[in-house]
file upload.pdb (PDB, C-alpha atoms)
ATOM      1  CA  MET Y   1      11.940  14.122  75.888
ATOM      2  CA  GLN Y   2      10.607  16.925  73.719
ATOM      3  CA  HIS Y   3      13.297  19.247  75.077
ATOM      4  CA  ILE Y   4      15.953  16.633  74.334
ATOM      5  CA  GLY Y   5      14.669  16.255  70.749
ATOM      6  CA  LEU Y   6      14.691  20.020  70.219
ATOM      7  CA  LEU Y   7      18.205  20.240  71.641
ATOM      8  CA  SER Y   8      19.374  17.399  69.388
ATOM      9  CA  ARG Y   9      17.941  19.095  66.316
ATOM     10  CA  HIS Y  10      19.579  22.362  67.365
ATOM     11  CA  VAL Y  11      22.954  20.651  67.750
ATOM     12  CA  ARG Y  12      22.584  18.970  64.347
ATOM     13  CA  ALA Y  13      21.621  22.272  62.730
ATOM     14  CA  SER Y  14      24.535  24.029  64.395
ATOM     15  CA  ARG Y  15      26.881  21.263  63.308
ATOM     16  CA  GLY Y  16      25.574  21.557  59.738
ATOM     17  CA  ALA Y  17      26.088  25.306  59.808
ATOM     18  CA  LEU Y  18      29.601  24.825  61.182
ATOM     19  CA  VAL Y  19      30.467  22.313  58.477
ATOM     20  CA  GLY Y  20      29.122  24.714  55.855
ATOM     21  CA  LEU Y  21      31.190  27.537  57.327
ATOM     22  CA  LEU Y  22      34.328  25.410  57.384
ATOM     23  CA  LEU Y  23      33.804  24.399  53.755
ATOM     24  CA  ALA Y  24      33.312  28.024  52.787
ATOM     25  CA  LEU Y  25      36.464  29.017  54.658
ATOM     26  CA  ALA Y  26      38.352  26.180  52.977
ATOM     27  CA  ALA Y  27      37.532  27.725  49.609
ATOM     28  CA  LEU Y  28      38.994  31.089  50.596
ATOM     29  CA  PRO Y  29      42.691  30.118  50.289
ATOM     30  CA  ALA Y  30      42.106  29.052  46.666
ATOM     31  CA  LEU Y  31      40.544  32.439  45.916
ATOM     32  CA  ALA Y  32      43.422  34.196  47.658
ATOM     33  CA  ARG Y  33      45.944  32.123  45.750
ATOM     34  CA  ALA Y  34      44.316  33.049  42.457
ATOM     35  CA  GLU Y  35      44.672  36.755  43.196
ATOM     36  CA  ALA Y  36      48.209  36.325  44.472
ATOM     37  CA  TRP Y  37      49.367  34.039  41.668
ATOM     38  CA  LEU Y  38      47.726  35.739  38.663
ATOM     39  CA  PRO Y  39      48.470  39.478  39.007
ATOM     40  CA  SER Y  40      49.024  39.970  35.252
ATOM     41  CA  TRP Y  41      45.516  38.723  34.419
ATOM     42  CA  ASN Y  42      42.644  41.172  34.217
ATOM     43  CA  ASP Y  43      39.447  40.163  35.967
ATOM     44  CA  GLY Y  44      37.083  38.813  33.346
ATOM     45  CA  ALA Y  45      35.476  35.723  31.863
ATOM     46  CA  SER Y  46      38.758  34.028  30.883
ATOM     47  CA  LYS Y  47      40.370  34.333  34.296
ATOM     48  CA  ALA Y  48      37.105  33.329  35.975
ATOM     49  CA  ARG Y  49      36.895  30.151  33.882
ATOM     50  CA  ILE Y  50      40.448  29.196  34.801
ATOM     51  CA  VAL Y  51      40.017  29.841  38.518
ATOM     52  CA  SER Y  52      36.642  28.085  38.625
ATOM     53  CA  PHE Y  53      38.080  25.051  36.856
ATOM     54  CA  VAL Y  54      41.047  24.842  39.230
ATOM     55  CA  GLN Y  55      38.809  25.187  42.270
ATOM     56  CA  ASP Y  56      36.450  22.478  41.008
ATOM     57  CA  VAL Y  57      39.118  19.883  40.264
ATOM     58  CA  THR Y  58      41.051  20.504  43.495
ATOM     59  CA  ASP Y  59      38.079  20.549  45.904
ATOM     60  CA  PRO Y  60      37.719  17.055  47.443
ATOM     61  CA  THR Y  61      34.027  17.734  48.079
ATOM     62  CA  SER Y  62      33.330  18.591  44.434
ATOM     63  CA  LYS Y  63      31.829  16.095  42.014
ATOM     64  CA  ARG Y  64      34.434  17.351  39.538
ATOM     65  CA  TYR Y  65      37.373  16.585  41.838
ATOM     66  CA  VAL Y  66      40.443  15.174  40.069
ATOM     67  CA  PRO Y  67      43.210  13.383  42.029
ATOM     68  CA  PRO Y  68      46.615  15.126  41.828
ATOM     69  CA  ALA Y  69      48.153  12.330  39.752
ATOM     70  CA  GLU Y  70      45.626  13.037  36.992
ATOM     71  CA  ARG Y  71      45.986  16.820  37.003
ATOM     72  CA  ILE Y  72      48.005  17.039  33.800
ATOM     73  CA  ALA Y  73      48.221  20.393  31.990
ATOM     74  CA  VAL Y  74      49.911  20.789  28.589
ATOM     75  CA  PHE Y  75      51.077  23.998  26.940
ATOM     76  CA  ASP Y  76      52.300  24.795  23.474
ATOM     77  CA  ASN Y  77      55.394  27.021  23.480
ATOM     78  CA  ASP Y  78      55.670  29.204  20.359
ATOM     79  CA  GLY Y  79      52.976  31.878  20.540
ATOM     80  CA  THR Y  80      51.569  30.411  23.764
ATOM     81  CA  LEU Y  81      54.402  30.835  26.249
ATOM     82  CA  TRP Y  82      56.598  33.228  24.280
ATOM     83  CA  THR Y  83      56.455  35.453  21.210
ATOM     84  CA  GLU Y  84      56.680  33.715  17.824
ATOM     85  CA  GLN Y  85      56.743  36.629  15.360
ATOM     86  CA  PRO Y  86      58.227  37.562  12.941
ATOM     87  CA  MET Y  87      59.536  33.984  12.791
ATOM     88  CA  TYR Y  88      59.777  31.006  15.117
ATOM     89  CA  PHE Y  89      62.713  31.636  17.404
ATOM     90  CA  GLN Y  90      64.312  28.285  16.650
ATOM     91  CA  LEU Y  91      64.325  29.244  12.976
ATOM     92  CA  ALA Y  92      66.204  32.416  13.953
ATOM     93  CA  PHE Y  93      68.686  30.156  15.746
ATOM     94  CA  ILE Y  94      69.081  27.992  12.623
ATOM     95  CA  LEU Y  95      69.696  31.017  10.412
ATOM     96  CA  ASP Y  96      72.291  32.418  12.827
ATOM     97  CA  ARG Y  97      74.025  29.042  12.987
ATOM     98  CA  VAL Y  98      74.262  28.876   9.175
ATOM     99  CA  LYS Y  99      75.943  32.280   9.153
ATOM    100  CA  ALA Y 100      78.312  31.273  11.958
ATOM    101  CA  LEU Y 101      79.308  28.041  10.168
ATOM    102  CA  ALA Y 102      79.510  29.558   6.677
ATOM    103  CA  PRO Y 103      83.305  30.196   6.733
ATOM    104  CA  GLN Y 104      83.785  26.433   7.087
ATOM    105  CA  HIS Y 105      81.492  25.768   4.105
ATOM    106  CA  PRO Y 106      82.374  27.932   1.067
ATOM    107  CA  GLU Y 107      80.079  25.750  -1.045
ATOM    108  CA  TRP Y 108      77.082  27.255   0.751
ATOM    109  CA  GLN Y 109      77.604  30.498  -1.147
ATOM    110  CA  THR Y 110      76.163  28.834  -4.249
ATOM    111  CA  THR Y 111      74.001  26.060  -2.754
ATOM    112  CA  GLU Y 112      70.358  26.516  -1.812
ATOM    113  CA  PRO Y 113      68.876  27.063   0.684
ATOM    114  CA  PHE Y 114      72.150  28.144   2.302
ATOM    115  CA  ARG Y 115      72.772  30.804  -0.361
ATOM    116  CA  SER Y 116      69.430  32.440   0.428
ATOM    117  CA  VAL Y 117      70.130  32.390   4.165
ATOM    118  CA  LEU Y 118      73.512  34.067   3.697
ATOM    119  CA  ALA Y 119      71.986  36.628   1.338
ATOM    120  CA  GLY Y 120      69.169  37.425   3.773
ATOM    121  CA  ASP Y 121      66.638  36.282   1.189
ATOM    122  CA  MET Y 122      63.805  34.910   3.318
ATOM    123  CA  ALA Y 123      61.610  34.422   0.255
ATOM    124  CA  GLY Y 124      64.272  32.090  -1.101
ATOM    125  CA  VAL Y 125      64.454  30.236   2.209
ATOM    126  CA  ALA Y 126      60.673  29.842   2.200
ATOM    127  CA  ALA Y 127      60.725  28.625  -1.401
ATOM    128  CA  ALA Y 128      62.986  25.753  -0.354
ATOM    129  CA  GLY Y 129      60.055  24.346   1.620
ATOM    130  CA  GLU Y 130      60.186  21.539   4.157
ATOM    131  CA  HIS Y 131      63.048  19.814   2.342
ATOM    132  CA  GLY Y 132      65.150  22.954   2.555
ATOM    133  CA  LEU Y 133      64.378  23.340   6.255
ATOM    134  CA  MET Y 134      65.471  19.756   6.841
ATOM    135  CA  GLN Y 135      68.761  20.544   5.084
ATOM    136  CA  LEU Y 136      69.298  23.552   7.311
ATOM    137  CA  MET Y 137      68.484  21.562  10.438
ATOM    138  CA  ALA Y 138      70.820  18.742   9.451
ATOM    139  CA  ALA Y 139      73.651  21.210   8.916
ATOM    140  CA  THR Y 140      73.103  23.102  12.183
ATOM    141  CA  HIS Y 141      71.640  20.545  14.610
ATOM    142  CA  ALA Y 142      73.440  17.267  13.846
ATOM    143  CA  GLY Y 143      76.918  15.765  13.979
ATOM    144  CA  MET Y 144      77.508  16.783  17.595
ATOM    145  CA  THR Y 145      76.742  15.393  21.015
ATOM    146  CA  SER Y 146      73.664  16.464  22.946
ATOM    147  CA  GLU Y 147      75.901  18.268  25.447
ATOM    148  CA  GLN Y 148      77.583  20.241  22.672
ATOM    149  CA  PHE Y 149      74.225  21.171  21.173
ATOM    150  CA  ARG Y 150      72.899  22.381  24.518
ATOM    151  CA  SER Y 151      75.985  24.557  24.987
ATOM    152  CA  ILE Y 152      75.533  26.114  21.532
ATOM    153  CA  VAL Y 153      71.870  26.869  22.227
ATOM    154  CA  ALA Y 154      72.656  28.364  25.647
ATOM    155  CA  GLU Y 155      75.331  30.604  24.142
ATOM    156  CA  TRP Y 156      72.952  31.766  21.403
ATOM    157  CA  LEU Y 157      70.175  32.537  23.891
ATOM    158  CA  ALA Y 158      72.624  34.581  25.962
ATOM    159  CA  THR Y 159      73.642  36.787  23.038
ATOM    160  CA  ALA Y 160      70.834  36.815  20.433
ATOM    161  CA  ARG Y 161      68.272  39.627  20.407
ATOM    162  CA  HIS Y 162      64.802  39.883  18.917
ATOM    163  CA  PRO Y 163      64.888  42.081  15.774
ATOM    164  CA  SER Y 164      62.032  44.344  16.925
ATOM    165  CA  PHE Y 165      62.081  44.304  20.725
ATOM    166  CA  LYS Y 166      65.900  44.225  20.988
ATOM    167  CA  ARG Y 167      65.627  41.946  24.004
ATOM    168  CA  PRO Y 168      66.859  38.395  24.636
ATOM    169  CA  TYR Y 169      64.382  35.837  23.374
ATOM    170  CA  THR Y 170      63.939  34.368  26.845
ATOM    171  CA  GLU Y 171      62.724  37.784  28.057
ATOM    172  CA  LEU Y 172      59.887  37.619  25.538
ATOM    173  CA  THR Y 173      58.028  35.036  27.595
ATOM    174  CA  TYR Y 174      54.494  35.925  28.623
ATOM    175  CA  ALA Y 175      54.166  36.965  32.263
ATOM    176  CA  PRO Y 176      50.494  35.847  32.523
ATOM    177  CA  MET Y 177      51.385  32.379  31.241
ATOM    178  CA  LYS Y 178      54.298  31.936  33.617
ATOM    179  CA  GLU Y 179      51.985  32.954  36.437
ATOM    180  CA  LEU Y 180      49.427  30.420  35.272
ATOM    181  CA  LEU Y 181      52.023  27.636  35.173
ATOM    182  CA  ALA Y 182      53.034  28.450  38.753
ATOM    183  CA  TYR Y 183      49.397  28.729  39.883
ATOM    184  CA  LEU Y 184      48.568  25.313  38.461
ATOM    185  CA  ARG Y 185      51.605  23.706  40.090
ATOM    186  CA  ALA Y 186      50.646  25.320  43.417
ATOM    187  CA  ASN Y 187      47.311  23.520  43.043
ATOM    188  CA  GLY Y 188      48.772  20.071  42.440
ATOM    189  CA  PHE Y 189      49.018  20.105  38.640
ATOM    190  CA  LYS Y 190      51.930  18.718  36.691
ATOM    191  CA  THR Y 191      52.741  21.059  33.816
ATOM    192  CA  PHE Y 192      54.184  19.942  30.476
ATOM    193  CA  ILE Y 193      55.346  21.769  27.366
ATOM    194  CA  VAL Y 194      54.150  20.076  24.164
ATOM    195  CA  SER Y 195      55.697  21.970  21.276
ATOM    196  CA  GLY Y 196      56.474  21.666  17.596
ATOM    197  CA  GLY Y 197      59.904  23.087  18.442
ATOM    198  CA  GLY Y 198      62.936  20.909  18.983
ATOM    199  CA  VAL Y 199      62.837  19.118  22.309
ATOM    200  CA  GLU Y 200      66.540  19.576  23.075
ATOM    201  CA  PHE Y 201      66.368  23.250  22.120
ATOM    202  CA  LEU Y 202      63.508  23.794  24.585
ATOM    203  CA  ARG Y 203      65.077  21.801  27.395
ATOM    204  CA  VAL Y 204      67.991  24.216  27.582
ATOM    205  CA  PHE Y 205      65.811  26.929  29.135
ATOM    206  CA  SER Y 206      62.455  25.360  30.074
ATOM    207  CA  GLU Y 207      63.199  24.861  33.765
ATOM    208  CA  ARG Y 208      64.927  28.190  34.286
ATOM    209  CA  VAL Y 209      62.332  30.219  32.375
ATOM    210  CA  TYR Y 210      59.070  28.316  32.912
ATOM    211  CA  GLY Y 211      59.750  26.084  35.893
ATOM    212  CA  VAL Y 212      59.135  23.050  33.666
ATOM    213  CA  PRO Y 213      61.902  20.444  34.073
ATOM    214  CA  PRO Y 214      63.425  18.895  30.927
ATOM    215  CA  GLU Y 215      61.716  15.546  31.471
ATOM    216  CA  GLN Y 216      58.357  17.347  31.159
ATOM    217  CA  VAL Y 217      59.100  18.782  27.718
ATOM    218  CA  VAL Y 218      57.696  17.013  24.646
ATOM    219  CA  GLY Y 219      58.860  18.268  21.268
ATOM    220  CA  SER Y 220      60.054  17.418  17.798
ATOM    221  CA  SER Y 221      63.267  15.416  17.696
ATOM    222  CA  ILE Y 222      65.985  14.129  15.434
ATOM    223  CA  ARG Y 223      67.472  10.668  15.659
ATOM    224  CA  THR Y 224      70.320  10.057  18.043
ATOM    225  CA  LYS Y 225      72.739   7.254  18.749
ATOM    226  CA  TYR Y 226      74.973   6.197  21.583
ATOM    227  CA  GLU Y 227      78.708   6.074  21.032
ATOM    228  CA  VAL Y 228      81.958   6.560  22.893
ATOM    229  CA  ARG Y 229      83.870   9.666  21.843
ATOM    230  CA  ASP Y 230      87.371  10.301  23.168
ATOM    231  CA  GLY Y 231      86.776   7.609  25.749
ATOM    232  CA  LYS Y 232      83.554   9.206  27.009
ATOM    233  CA  PRO Y 233      80.004   7.880  26.456
ATOM    234  CA  ALA Y 234      77.862  10.336  24.489
ATOM    235  CA  ILE Y 235      74.525  10.744  22.731
ATOM    236  CA  VAL Y 236      75.242  11.879  19.168
ATOM    237  CA  ARG Y 237      72.707  13.769  17.072
ATOM    238  CA  LEU Y 238      72.053  12.419  13.566
ATOM    239  CA  PRO Y 239      70.820  14.294  10.459
ATOM    240  CA  GLU Y 240      67.479  12.457  10.413
ATOM    241  CA  ILE Y 241      64.070  13.514  11.707
ATOM    242  CA  GLU Y 242      62.626  11.119  14.280
ATOM    243  CA  PHE Y 243      59.358  12.770  15.366
ATOM    244  CA  ILE Y 244      57.387  15.911  14.462
ATOM    245  CA  ASP Y 245      55.394  17.080  17.470
ATOM    246  CA  ASP Y 246      52.889  19.298  15.693
ATOM    247  CA  ALA Y 247      49.197  19.148  14.761
ATOM    248  CA  ALA Y 248      48.115  15.470  14.873
ATOM    249  CA  GLY Y 249      51.561  14.609  16.212
ATOM    250  CA  LYS Y 250      50.855  16.336  19.510
ATOM    251  CA  PRO Y 251      48.328  13.801  20.872
ATOM    252  CA  VAL Y 252      50.718  11.053  19.742
ATOM    253  CA  GLY Y 253      53.545  12.734  21.626
ATOM    254  CA  ILE Y 254      51.389  13.166  24.725
ATOM    255  CA  ASN Y 255      50.439   9.491  24.695
ATOM    256  CA  ARG Y 256      54.000   8.370  24.013
ATOM    257  CA  TYR Y 257      55.893  10.547  26.465
ATOM    258  CA  ILE Y 258      53.362  11.534  29.142
ATOM    259  CA  GLY Y 259      51.091   8.491  29.222
ATOM    260  CA  ARG Y 260      48.045  10.308  30.628
ATOM    261  CA  ARG Y 261      45.420  12.339  28.827
ATOM    262  CA  PRO Y 262      45.630  15.957  30.059
ATOM    263  CA  ILE Y 263      42.683  17.711  31.658
ATOM    264  CA  LEU Y 264      43.872  21.154  30.552
ATOM    265  CA  ALA Y 265      45.459  22.216  27.257
ATOM    266  CA  PHE Y 266      46.570  25.687  26.177
ATOM    267  CA  GLY Y 267      47.602  26.605  22.636
ATOM    268  CA  ASN Y 268      47.456  29.510  20.221
ATOM    269  CA  SER Y 269      47.244  28.190  16.662
ATOM    270  CA  ASP Y 270      45.665  25.548  14.466
ATOM    271  CA  GLY Y 271      48.808  23.508  15.059
ATOM    272  CA  ASP Y 272      47.423  22.983  18.564
ATOM    273  CA  PHE Y 273      43.908  22.038  17.441
ATOM    274  CA  GLU Y 274      44.345  18.281  17.790
ATOM    275  CA  MET Y 275      45.966  18.677  21.221
ATOM    276  CA  LEU Y 276      42.975  20.659  22.478
ATOM    277  CA  GLU Y 277      40.547  18.269  20.802
ATOM    278  CA  TYR Y 278      42.244  15.230  22.355
ATOM    279  CA  THR Y 279      42.274  16.853  25.788
ATOM    280  CA  THR Y 280      38.698  18.100  25.901
ATOM    281  CA  SER Y 281      36.854  15.268  24.158
ATOM    282  CA  ALA Y 282      37.206  12.784  27.033
ATOM    283  CA  SER Y 283      34.788  12.484  29.943
ATOM    284  CA  GLY Y 284      35.205  14.401  33.180
ATOM    285  CA  PRO Y 285      36.247  18.000  33.782
ATOM    286  CA  ARG Y 286      38.276  19.389  30.867
ATOM    287  CA  LEU Y 287      39.453  22.838  29.829
ATOM    288  CA  GLY Y 288      40.826  24.017  26.490
ATOM    289  CA  LEU Y 289      42.245  27.502  26.016
ATOM    290  CA  ILE Y 290      43.634  29.493  23.086
ATOM    291  CA  VAL Y 291      45.746  32.646  23.251
ATOM    292  CA  ARG Y 292      44.556  35.092  20.601
ATOM    293  CA  HIS Y 293      47.170  37.554  19.401
ATOM    294  CA  ASP Y 294      45.088  40.708  19.050
ATOM    295  CA  ASP Y 295      47.375  43.310  20.592
ATOM    296  CA  ALA Y 296      49.394  45.059  17.891
ATOM    297  CA  GLU Y 297      50.452  47.803  20.297
ATOM    298  CA  ARG Y 298      52.106  45.626  22.929
ATOM    299  CA  GLU Y 299      52.988  42.572  20.824
ATOM    300  CA  TYR Y 300      51.465  41.513  17.470
ATOM    301  CA  ALA Y 301      47.991  41.094  15.983
ATOM    302  CA  TYR Y 302      47.464  38.092  13.697
ATOM    303  CA  ASP Y 303      45.309  35.018  13.248
ATOM    304  CA  ARG Y 304      43.622  33.660  10.107
ATOM    305  CA  LYS Y 305      46.048  34.872   7.438
ATOM    306  CA  SER Y 306      49.343  34.591   9.272
ATOM    307  CA  SER Y 307      52.068  32.297   7.932
ATOM    308  CA  VAL Y 308      53.357  31.981  11.508
ATOM    309  CA  GLY Y 309      50.933  30.793  14.180
ATOM    310  CA  ARG Y 310      47.875  30.758  11.936
ATOM    311  CA  LEU Y 311      44.613  30.548  13.883
ATOM    312  CA  ASP Y 312      41.604  29.855  11.689
ATOM    313  CA  ARG Y 313      39.804  26.607  12.469
ATOM    314  CA  GLY Y 314      40.379  27.139  16.178
ATOM    315  CA  LEU Y 315      38.541  30.465  16.037
ATOM    316  CA  ASP Y 316      35.649  28.927  14.138
ATOM    317  CA  GLU Y 317      35.158  25.954  16.448
ATOM    318  CA  ALA Y 318      36.213  27.215  19.876
ATOM    319  CA  GLY Y 319      32.711  28.277  20.905
ATOM    320  CA  ALA Y 320      31.025  25.011  20.004
ATOM    321  CA  ARG Y 321      33.763  23.030  21.734
ATOM    322  CA  GLY Y 322      33.686  25.132  24.895
ATOM    323  CA  TRP Y 323      37.249  26.368  24.494
ATOM    324  CA  VAL Y 324      38.219  29.691  26.061
ATOM    325  CA  ILE Y 325      39.609  32.346  23.724
ATOM    326  CA  VAL Y 326      42.056  34.394  25.790
ATOM    327  CA  SER Y 327      42.503  37.891  24.391
ATOM    328  CA  MET Y 328      45.955  39.357  24.876
ATOM    329  CA  LYS Y 329      44.483  42.828  24.599
ATOM    330  CA  SER Y 330      41.595  42.385  27.038
ATOM    331  CA  ASP Y 331      42.636  39.600  29.387
ATOM    332  CA  TRP Y 332      46.277  40.444  30.066
ATOM    333  CA  ARG Y 333      47.251  43.420  32.218
ATOM    334  CA  ARG Y 334      50.796  43.117  30.938
ATOM    335  CA  ILE Y 335      52.520  40.829  28.467
ATOM    336  CA  TYR Y 336      56.188  40.679  29.459
ATOM    337  CA  ASP Y 337      58.089  40.856  32.732
ATOM    338  CA  ALA Y 338      60.043  43.970  33.725
ATOM    339  CA  SER Y 339      58.301  46.034  31.087
ATOM    340  CA  SER Y 340      55.459  48.503  30.781
ATOM    341  CA  ARG Y 341      54.179  46.569  27.786
TER     342      ARG Y 341
END
call {"tool": "encode", "arguments": {"input": "upload.pdb", "output": "structure tokens"}}
result
Amino acid sequence: MQHIGLLSRHVRASRGALVGLLLALAALPALARAEAWLPSWNDGASKARIVSFVQDVTDPTSKRYVPPAERIAVFDNDGTLWTEQPMYFQLAFILDRVKALAPQHPEWQTTEPFRSVLAGDMAGVAAAGEHGLMQLMAATHAGMTSEQFRSIVAEWLATARHPSFKRPYTELTYAPMKELLAYLRANGFKTFIVSGGGVEFLRVFSERVYGVPPEQVVGSSIRTKYEVRDGKPAIVRLPEIEFIDDAAGKPVGINRYIGRRPILAFGNSDGDFEMLEYTTSASGPRLGLIVRHDDAEREYAYDRKSSVGRLDRGLDEAGARGWVIVSMKSDWRRIYDASSR
């Protein structure tokens, strides 16, 4: 009987060791995926936090395991997924549209803020404030069907070039962030864009560029209506703002259009503060991340004093809130695809 007891204990110990080995081996694919999926990330604390978080929430044996349906990750766009300097790219689109439409509107030559746009006077455009921007948006974004607007945006993206990099705007997307989006999806996450930019503007390229389908894009919007034009049903864009998806509007947009609180949020400016706060303040595993633009050589360096993508409060409170500050300069091996930058 003693021999039987010893044998039984040996079998149990061996079984325990085998289970431990199998669990260890099960973790290896996740590590391999991280290296394969994130080649533009330097090894360091930021990458380690991301990989550790993903492993924790996807490991069924972990106390921090999160079912796939609840693995919601949200990303800002401007300054988080693509470059936003020297101006938001949708603003560049608006300015180009004013110039393209100007021959049809001779009155714009003497009417602000159109006069300033046509004169290249950005100080004058800025002086017009939010009201002036709404005028520009109404003139360039409304009065057409959604299909017509998407065609105009697609044509602009195909021909417009960034003033400094001389590359299409859709080539100025961040390689490390696109890798992260793909890595998260490979691990059962559903990825959303939650941006202050126009939702229909973003939907033109979100799937092709980021792998995020249009139904997973949340953004600012203007009012629309249904009507039949030339015998065909259409959604027509109206010159009225419906929803601003920025700052405190981002959690509202997430609740309204996604319906689940995310477990991961990634932004770059104080306009994303409330989104990160909303995401990380709930119970359970949560991760908030902020891209810091600190690489003037490869992109731009700006934060507290910038008029575009200002990051001030986020820098002050990130540490206390457990948010990860991702340094472009230190954490990213490269910034753009097909480039030495």
call {"tool": "resolve_selection", "arguments": {"input": "upload.pdb", "expression": "the PyMOL selection byres ((chain Y and resi 199) around 6)", "output": "PyMOL selection string"}}
result
chain Y and resi 198+200-202+219-221
call {"tool": "residues_around", "arguments": {"input": "upload.pdb", "residues": "Ile241 of chain Y", "least_positions_apart": "5", "cutoff": "10 Å", "atoms": "only C-alpha atoms", "output": "list in words"}}
result
Met134, Met137, Ala138, Ser220, Ser221, Ile222, Arg223 and Thr224 of chain Y
call {"tool": "residues_around", "arguments": {"input": "upload.pdb", "residues": "Arg333 of chain Y", "least_positions_apart": "6", "cutoff": "6 Å", "atoms": "all atoms listed in the file", "output": "PyMOL selection string"}}
result
chain Y and resi 40-42
call {"tool": "resolve_selection", "arguments": {"input": "upload.pdb", "expression": "the PyMOL selection byres ((chain Y and resi 126-131) around 12)", "output": "VMD selection string"}}
result
chain Y and resid 87 91 111 to 117 120 to 125 132 to 138 240 to 241 307
call {"tool": "resolve_selection", "arguments": {"input": "upload.pdb", "expression": "the PyMOL selection byres ((chain Y and resi 58) around 12)", "output": "compact mmCIF listing (two decimals) with C-alpha atoms, in the frame of the given file"}}
result
# COMPACT_ATOMS: atom_id res chain seq x y z
CA ALA Y 26 38.35 26.18 52.98
CA ALA Y 27 37.53 27.72 49.61
CA PRO Y 29 42.69 30.12 50.29
CA ALA Y 30 42.11 29.05 46.67
CA VAL Y 51 40.02 29.84 38.52
CA SER Y 52 36.64 28.08 38.62
CA PHE Y 53 38.08 25.05 36.86
CA VAL Y 54 41.05 24.84 39.23
CA GLN Y 55 38.81 25.19 42.27
CA ASP Y 56 36.45 22.48 41.01
CA VAL Y 57 39.12 19.88 40.26
CA ASP Y 59 38.08 20.55 45.90
CA PRO Y 60 37.72 17.06 47.44
CA THR Y 61 34.03 17.73 48.08
CA SER Y 62 33.33 18.59 44.43
CA LYS Y 63 31.83 16.10 42.01
CA ARG Y 64 34.43 17.35 39.54
CA TYR Y 65 37.37 16.58 41.84
CA VAL Y 66 40.44 15.17 40.07
CA PRO Y 67 43.21 13.38 42.03
CA PRO Y 68 46.62 15.13 41.83
CA ALA Y 69 48.15 12.33 39.75
CA GLU Y 70 45.63 13.04 36.99
CA ARG Y 71 45.99 16.82 37.00
CA LEU Y 184 48.57 25.31 38.46
CA ARG Y 185 51.60 23.71 40.09
CA ALA Y 186 50.65 25.32 43.42
CA ASN Y 187 47.31 23.52 43.04
CA GLY Y 188 48.77 20.07 42.44
CA PHE Y 189 49.02 20.10 38.64
CA PRO Y 285 36.25 18.00 33.78
call {"tool": "closest_residue", "arguments": {"input": "upload.pdb", "among": "Y:Ala320, Y:Leu238, Y:Ile193, Y:Ile290", "to": "His141 of chain Y", "atoms": "only C-alpha atoms"}}
result
Y:Leu238
call {"tool": "atom_distance", "arguments": {"input": "upload.pdb", "atom1": "atom CA of Arg208 of chain Y", "atom2": "atom CA of Gly196 of chain Y"}}
result
19.8 Å
call {"tool": "atom_distance", "arguments": {"input": "upload.pdb", "atom1": "atom CA of Glu84 of chain Y", "atom2": "atom CA of Ala142 of chain Y"}}
result
23.8 Å
call {"tool": "residues_near_point", "arguments": {"input": "upload.pdb", "point": "(40.8, 40.2, 34.4)", "cutoff": "12 Å", "atoms": "all atoms listed in the file", "output": "ChimeraX atom specification"}}
result
/Y:34-35,38-51,176,326-334
call {"tool": "closest_residue", "arguments": {"input": "upload.pdb", "among": "Y:Ala119, Y:Ile244, Y:Leu172, Y:Met144", "to": "Asp337 of chain Y", "atoms": "only C-alpha atoms"}}
result
Y:Leu172
call {"tool": "atom_distance", "arguments": {"input": "upload.pdb", "atom1": "atom CA of Arg310 of chain Y", "atom2": "atom CA of Leu287 of chain Y"}}
result
21.3 Å
call {"tool": "closest_residue", "arguments": {"input": "upload.pdb", "among": "Y:Asp230, Y:Asp270, Y:Glu107, Y:Glu179", "to": "Ala318 of chain Y", "atoms": "all atoms listed in the file"}}
result
Y:Asp270
call {"tool": "closest_residue", "arguments": {"input": "upload.pdb", "among": "Y:Thr80, Y:Thr140, Y:Gln85, Y:Thr110", "to": "Tyr302 of chain Y", "atoms": "all atoms listed in the file"}}
result
Y:Gln85
call {"tool": "residues_around", "arguments": {"input": "upload.pdb", "residues": "Ile254 of chain Y", "least_positions_apart": "5", "cutoff": "12 Å", "atoms": "all atoms listed in the file", "output": "list in words"}}
result
Ile72, Ala73, Val74, Phe75, Asp76, Phe192, Ile193, Val194, Ser195, Gln216, Val217, Val218, Gly219, Ser220, Asp245, Asp246, Ala247, Ala248, Gly249, Gly259, Arg260, Arg261, Pro262, Ala265, Glu274, Met275, Leu276, Tyr278 and Thr279 of chain Y
call {"tool": "closest_residue", "arguments": {"input": "upload.pdb", "among": "Y:Ile335, Y:Leu311, Y:Ala100, Y:Ala175", "to": "Val209 of chain Y", "atoms": "all atoms listed in the file"}}
result
Y:Ala175
call {"tool": "residues_around", "arguments": {"input": "upload.pdb", "residues": "Gly322 of chain Y", "least_positions_apart": "5", "cutoff": "9 Å", "atoms": "only C-alpha atoms", "output": "PDB file with C-alpha atoms, in the frame of the given file"}}
result
ATOM      1  CA  THR Y 280      38.698  18.100  25.901  1.00  0.00           C
ATOM      2  CA  LEU Y 287      39.453  22.838  29.829  1.00  0.00           C
ATOM      3  CA  GLY Y 288      40.826  24.017  26.490  1.00  0.00           C
ATOM      4  CA  LEU Y 289      42.245  27.502  26.016  1.00  0.00           C
ATOM      5  CA  GLU Y 317      35.158  25.954  16.448  1.00  0.00           C
TER       6      GLU Y 317
END
call {"tool": "residues_near_point", "arguments": {"input": "upload.pdb", "point": "(63.5, 40.5, 21.3)", "cutoff": "12 Å", "atoms": "all atoms listed in the file", "output": "PyMOL selection string"}}
result
chain Y and resi 82-89+92+157-173+299+336
